[in-house]
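Student: For reference, this is model09.cif, and it has mmCIF, C-alpha atoms.
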data_upload
loop_
_atom_site.group_PDB
_atom_site.id
_atom_site.type_symbol
_atom_site.label_atom_id
_atom_site.label_comp_id
_atom_site.auth_asym_id
_atom_site.auth_seq_id
_atom_site.Cartn_x
_atom_site.Cartn_y
_atom_site.Cartn_z
ATOM 1 C CA MET B 1 60.114 83.439 155.069
ATOM 2 C CA SER B 2 62.524 81.629 157.280
ATOM 3 C CA ASP B 3 65.890 80.132 156.401
ATOM 4 C CA SER B 4 64.524 76.611 156.877
ATOM 5 C CA THR B 5 61.649 76.934 154.434
ATOM 6 C CA PRO B 6 62.580 76.979 150.746
ATOM 7 C CA GLY B 7 61.199 79.904 148.841
ATOM 8 C CA PRO B 8 59.477 79.735 145.479
ATOM 9 C CA GLY B 9 61.737 78.459 142.684
ATOM 10 C CA THR B 10 64.142 76.619 145.005
ATOM 11 C CA ALA B 11 64.266 72.945 145.904
ATOM 12 C CA ALA B 12 64.753 71.674 149.407
ATOM 13 C CA GLY B 13 68.434 71.367 150.309
ATOM 14 C CA THR B 14 69.764 73.843 147.711
ATOM 15 C CA ALA B 15 70.827 77.426 148.052
ATOM 16 C CA PRO B 16 69.018 80.095 146.042
ATOM 17 C CA GLY B 17 70.453 80.241 142.483
ATOM 18 C CA GLU B 18 71.905 76.718 142.745
ATOM 19 C CA ILE B 19 70.566 74.035 140.389
ATOM 20 C CA PRO B 20 69.477 70.862 142.171
ATOM 21 C CA GLN B 21 71.314 67.738 141.020
ATOM 22 C CA ASP B 22 68.086 65.895 140.253
ATOM 23 C CA ALA B 23 66.716 68.783 138.153
ATOM 24 C CA PRO B 24 66.061 67.839 134.521
ATOM 25 C CA GLN B 25 68.861 69.026 132.278
ATOM 26 C CA GLY B 26 68.446 70.133 128.665
ATOM 27 C CA PRO B 27 69.057 67.700 125.799
ATOM 28 C CA PRO B 28 72.609 66.417 125.438
ATOM 29 C CA ARG B 29 74.882 68.585 123.307
ATOM 30 C CA ALA B 30 75.066 65.993 120.520
ATOM 31 C CA ALA B 31 71.278 65.923 120.172
ATOM 32 C CA VAL B 32 70.988 69.676 119.603
ATOM 33 C CA HIS B 33 70.452 70.367 115.901
ATOM 34 C CA ASP B 34 72.667 73.138 114.571
ATOM 35 C CA PRO B 35 71.528 73.973 111.016
ATOM 36 C CA ALA B 36 74.795 75.792 110.308
ATOM 37 C CA ALA B 37 76.949 72.791 111.244
ATOM 38 C CA PRO B 38 78.473 70.775 108.377
ATOM 39 C CA ALA B 39 76.414 67.736 107.446
ATOM 40 C CA PRO B 40 76.866 65.313 104.543
ATOM 41 C CA LEU B 41 74.191 65.683 101.897
ATOM 42 C CA GLY B 42 74.378 62.014 100.953
ATOM 43 C CA VAL B 43 74.347 62.716 97.211
ATOM 44 C CA VAL B 44 75.645 59.754 95.226
ATOM 45 C CA ARG B 45 78.106 60.736 92.493
ATOM 46 C CA THR B 46 78.234 58.264 89.624
ATOM 47 C CA PRO B 47 81.557 58.193 87.712
ATOM 48 C CA THR B 48 81.274 59.496 84.155
ATOM 49 C CA GLY B 49 84.395 57.862 82.738
ATOM 50 C CA ASN B 50 86.019 61.230 82.040
ATOM 51 C CA ALA B 51 88.848 61.682 84.558
ATOM 52 C CA GLY B 52 88.627 65.491 84.583
ATOM 53 C CA VAL B 53 84.866 65.559 85.092
ATOM 54 C CA ASP B 54 85.001 62.820 87.746
ATOM 55 C CA ALA B 55 87.660 64.754 89.682
ATOM 56 C CA ARG B 56 85.438 67.854 89.678
ATOM 57 C CA LEU B 57 82.426 65.869 90.843
ATOM 58 C CA GLU B 58 84.481 64.369 93.668
ATOM 59 C CA ARG B 59 85.361 67.926 94.718
ATOM 60 C CA LEU B 60 81.684 68.324 95.637
ATOM 61 C CA ALA B 61 82.354 66.034 98.628
ATOM 62 C CA ASP B 62 84.357 68.906 100.155
ATOM 63 C CA ALA B 63 81.070 70.740 100.709
ATOM 64 C CA ASP B 64 80.008 67.982 103.124
ATOM 65 C CA ARG B 65 82.733 69.046 105.562
ATOM 66 C CA LEU B 66 82.135 72.790 105.298
ATOM 67 C CA PRO B 67 79.504 75.035 106.852
ATOM 68 C CA ALA B 68 76.906 76.345 104.421
ATOM 69 C CA SER B 69 78.836 79.603 104.050
ATOM 70 C CA GLY B 70 81.742 77.663 102.476
ATOM 71 C CA HIS B 71 79.647 75.798 99.899
ATOM 72 C CA ILE B 72 79.614 78.607 97.338
ATOM 73 C CA GLU B 73 83.391 78.467 96.882
ATOM 74 C CA VAL B 74 83.254 74.712 96.214
ATOM 75 C CA TYR B 75 80.295 75.033 93.836
ATOM 76 C CA GLU B 76 81.952 77.844 91.879
ATOM 77 C CA ASP B 77 85.183 75.853 91.576
ATOM 78 C CA VAL B 78 83.325 72.761 90.329
ATOM 79 C CA HIS B 79 81.239 74.840 87.916
ATOM 80 C CA ARG B 80 84.377 76.506 86.501
ATOM 81 C CA GLY B 81 86.070 73.123 86.025
ATOM 82 C CA LEU B 82 83.041 71.556 84.323
ATOM 83 C CA ARG B 83 82.666 74.592 82.060
ATOM 84 C CA ASP B 84 86.344 74.286 81.060
ATOM 85 C CA ALA B 85 85.852 70.578 80.315
ATOM 86 C CA LEU B 86 82.867 71.345 78.077
ATOM 87 C CA THR B 87 84.771 74.117 76.296
ATOM 88 C CA ALA B 88 87.609 71.681 75.604
ATOM 89 C CA LEU B 89 85.113 69.249 74.050
ATOM 90 C CA ASP B 90 83.776 71.972 71.756
ATOM 91 C CA ALA B 91 87.289 72.864 70.606
ATOM 92 C CA GLY B 92 87.914 69.332 69.371
ATOM 93 C CA PRO B 93 91.270 67.600 69.250
ATOM 94 C CA ALA B 94 94.380 69.533 68.332
ATOM 95 C CA PRO B 95 95.510 69.019 64.750
ATOM 96 C CA ALA B 96 98.138 66.330 64.382
ATOM 97 C CA PRO B 97 101.598 67.540 63.378
ATOM 98 C CA ALA B 98 102.635 66.796 59.814
ATOM 99 C CA PRO B 99 104.789 63.680 59.571
ATOM 100 C CA ALA B 100 108.463 64.315 58.978
ATOM 101 C CA HIS B 101 109.780 61.976 56.273
ATOM 102 C CA ASN B 102 113.289 61.982 54.909
ATOM 103 C CA ASN B 103 112.485 61.006 51.368
ATOM 104 C CA SER B 104 112.578 62.821 48.084
ATOM 105 C CA TYR B 105 108.835 63.450 48.072
ATOM 106 C CA ASN B 106 109.112 66.077 50.787
ATOM 107 C CA LYS B 107 111.958 67.991 49.135
ATOM 108 C CA PRO B 108 111.230 70.980 46.953
ATOM 109 C CA HIS B 109 111.278 70.212 43.277
ATOM 110 C CA ASP B 110 114.548 71.146 41.609
ATOM 111 C CA ASN B 111 114.173 72.302 38.006
ATOM 112 C CA SER B 112 117.871 72.970 37.398
ATOM 113 C CA TYR B 113 118.310 69.744 35.352
ATOM 114 C CA ASN B 114 115.209 70.387 33.408
ATOM 115 C CA ASN B 115 116.445 73.561 31.822
ATOM 116 C CA ARG B 116 116.144 73.315 28.060
ATOM 117 C CA SER B 117 117.354 75.968 25.757
#
Taking this structure as input, can you express it in the form of structure tokens?
Tutor:
Amino acid sequence: MSDSTPGPGTAAGTAPGEIPQDAPQGPPRAAVHDPAAPAPLGVVRTPTGNAGVDARLERLADADRLPASGHIEVYEDVHRGLRDALTALDAGPAPAPAPAHNNSYNKPHDNSYNNRS
């Protein structure tokens, strides 16, 4: 072959190994789908009315910003928090402290005046 005739795999006016400017490029970077890249799941979280439970459910939104490898930490944290909330419900409310009154009904009974011989 001569220097004036392009060889196979080269376009006219380009050196071997050089990409012609009018050659089709691959898809733009933004259009390439990366399955490991963070992507929002779009799951709607409905408030429950319990502040502790709602805070844990909102924590799930953190998974939307993390790669799949980081989801397990978020899920375990939410699961632990929800389990603690359920355990607290099973325990019931703490007993109320006994009222402190300053009257004679709360004093021990004194039998010293009731000593008959």
Student: So, counting only C-alpha atoms, which residue among B:Gly52, B:Pro93, B:Ala37, B:Val32 is closest to Ser69 of chain B?
Tutor: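 Nearest candidate to Ser69 of chain B out of B:Gly52, B:Pro93, B:Ala37, B:Val32: B:Ala37.
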Student: Just checking: using only C-alpha atoms, which residue out of B:Ala39, B:Leu82, B:Ala68, B:Ala98 ends up closest to Ala55 of chain B?
Tutor: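 Selected residue with least distance to Ala55 of chain B: B:Leu82.
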Student: Could you state the separation of atom CA of Val43 of chain B and atom CA of His79 of chain B in Å, given to one decimal place?
Tutor: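 Between these atoms lies a distance of 16.8 Å.
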Student: With distances taken over only C-alpha atoms, which residue among B:Leu66, B:Val53, B:Leu60, B:Ala96 lies nearest Asp84 of chain B?
Tutor: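 Selected residue with least distance to Asp84 of chain B: B:Val53.
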Student: To verify the selection step, state as a PyMOL selection string which residues the PyMOL selection byres ((chain B and resi 44) around 12) yields on this input.
Tutor: chain B and resi 40-43+45-47+57-58+60-61
Student: Mind completing segment 32-53 of chain B with N, CA, C and O atoms? Output as a short mmCIF file (atom, residue, chain, number, x, y, z; two decimals), keeping the file's coordinate frame, please?
Tutor:
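Dumped to rebuild.cif:
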data_model
loop_
_atom_site.label_atom_id
_atom_site.label_comp_id
_atom_site.auth_asym_id
_atom_site.auth_seq_id
_atom_site.Cartn_x
_atom_site.Cartn_y
_atom_site.Cartn_z
N VAL B 32 71.43 68.36 120.03
CA VAL B 32 70.99 69.68 119.60
C VAL B 32 71.29 69.84 118.12
O VAL B 32 72.40 69.62 117.68
N HIS B 33 70.28 70.21 117.35
CA HIS B 33 70.45 70.37 115.90
C HIS B 33 70.95 71.77 115.61
O HIS B 33 70.32 72.76 115.95
N ASP B 34 72.11 71.86 114.99
CA ASP B 34 72.67 73.14 114.57
C ASP B 34 72.60 73.19 113.05
O ASP B 34 73.38 72.53 112.36
N PRO B 35 71.67 73.96 112.48
CA PRO B 35 71.53 73.97 111.02
C PRO B 35 72.75 74.51 110.28
O PRO B 35 72.94 74.23 109.11
N ALA B 36 73.61 75.25 110.97
CA ALA B 36 74.80 75.79 110.31
C ALA B 36 75.97 74.83 110.37
O ALA B 36 76.99 75.06 109.72
N ALA B 37 75.85 73.75 111.12
CA ALA B 37 76.95 72.79 111.24
C ALA B 37 77.07 71.98 109.96
O ALA B 37 76.08 71.71 109.28
N PRO B 38 78.30 71.59 109.58
CA PRO B 38 78.47 70.78 108.38
C PRO B 38 77.75 69.44 108.52
O PRO B 38 77.77 68.83 109.58
N ALA B 39 77.11 69.02 107.47
CA ALA B 39 76.41 67.74 107.45
C ALA B 39 76.47 67.18 106.03
O ALA B 39 76.22 67.91 105.07
N PRO B 40 76.82 65.90 105.89
CA PRO B 40 76.87 65.31 104.54
C PRO B 40 75.49 65.34 103.90
O PRO B 40 74.48 65.10 104.56
N LEU B 41 75.45 65.65 102.62
CA LEU B 41 74.19 65.68 101.90
C LEU B 41 73.76 64.29 101.44
O LEU B 41 72.60 64.08 101.14
N GLY B 42 74.71 63.38 101.35
CA GLY B 42 74.38 62.01 100.95
C GLY B 42 74.08 61.87 99.47
O GLY B 42 73.40 60.94 99.07
N VAL B 43 74.57 62.78 98.65
CA VAL B 43 74.35 62.72 97.21
C VAL B 43 75.33 61.72 96.61
O VAL B 43 76.53 61.81 96.82
N VAL B 44 74.81 60.76 95.87
CA VAL B 44 75.64 59.75 95.23
C VAL B 44 76.17 60.33 93.92
O VAL B 44 75.40 60.86 93.11
N ARG B 45 77.48 60.25 93.72
CA ARG B 45 78.11 60.74 92.49
C ARG B 45 78.54 59.54 91.67
O ARG B 45 79.41 58.78 92.08
N THR B 46 77.93 59.37 90.51
CA THR B 46 78.23 58.26 89.62
C THR B 46 79.37 58.67 88.69
O THR B 46 79.30 59.72 88.06
N PRO B 47 80.44 57.86 88.61
CA PRO B 47 81.56 58.19 87.71
C PRO B 47 81.08 58.30 86.27
O PRO B 47 80.23 57.55 85.81
N THR B 48 81.65 59.26 85.55
CA THR B 48 81.27 59.50 84.16
C THR B 48 82.21 58.80 83.17
O THR B 48 81.86 58.64 82.01
N GLY B 49 83.40 58.44 83.63
CA GLY B 49 84.40 57.86 82.74
C GLY B 49 85.39 58.88 82.23
O GLY B 49 86.42 58.54 81.68
N ASN B 50 85.11 60.16 82.41
CA ASN B 50 86.02 61.23 82.04
C ASN B 50 86.76 61.64 83.30
O ASN B 50 86.14 62.13 84.26
N ALA B 51 88.06 61.45 83.34
CA ALA B 51 88.85 61.68 84.56
C ALA B 51 88.72 63.12 85.06
O ALA B 51 88.58 63.35 86.27
N GLY B 52 88.73 64.09 84.18
CA GLY B 52 88.63 65.49 84.58
C GLY B 52 87.27 65.82 85.20
O GLY B 52 87.18 66.50 86.21
N VAL B 53 86.22 65.32 84.59
CA VAL B 53 84.87 65.56 85.09
C VAL B 53 84.68 64.83 86.43
O VAL B 53 84.13 65.39 87.38
#
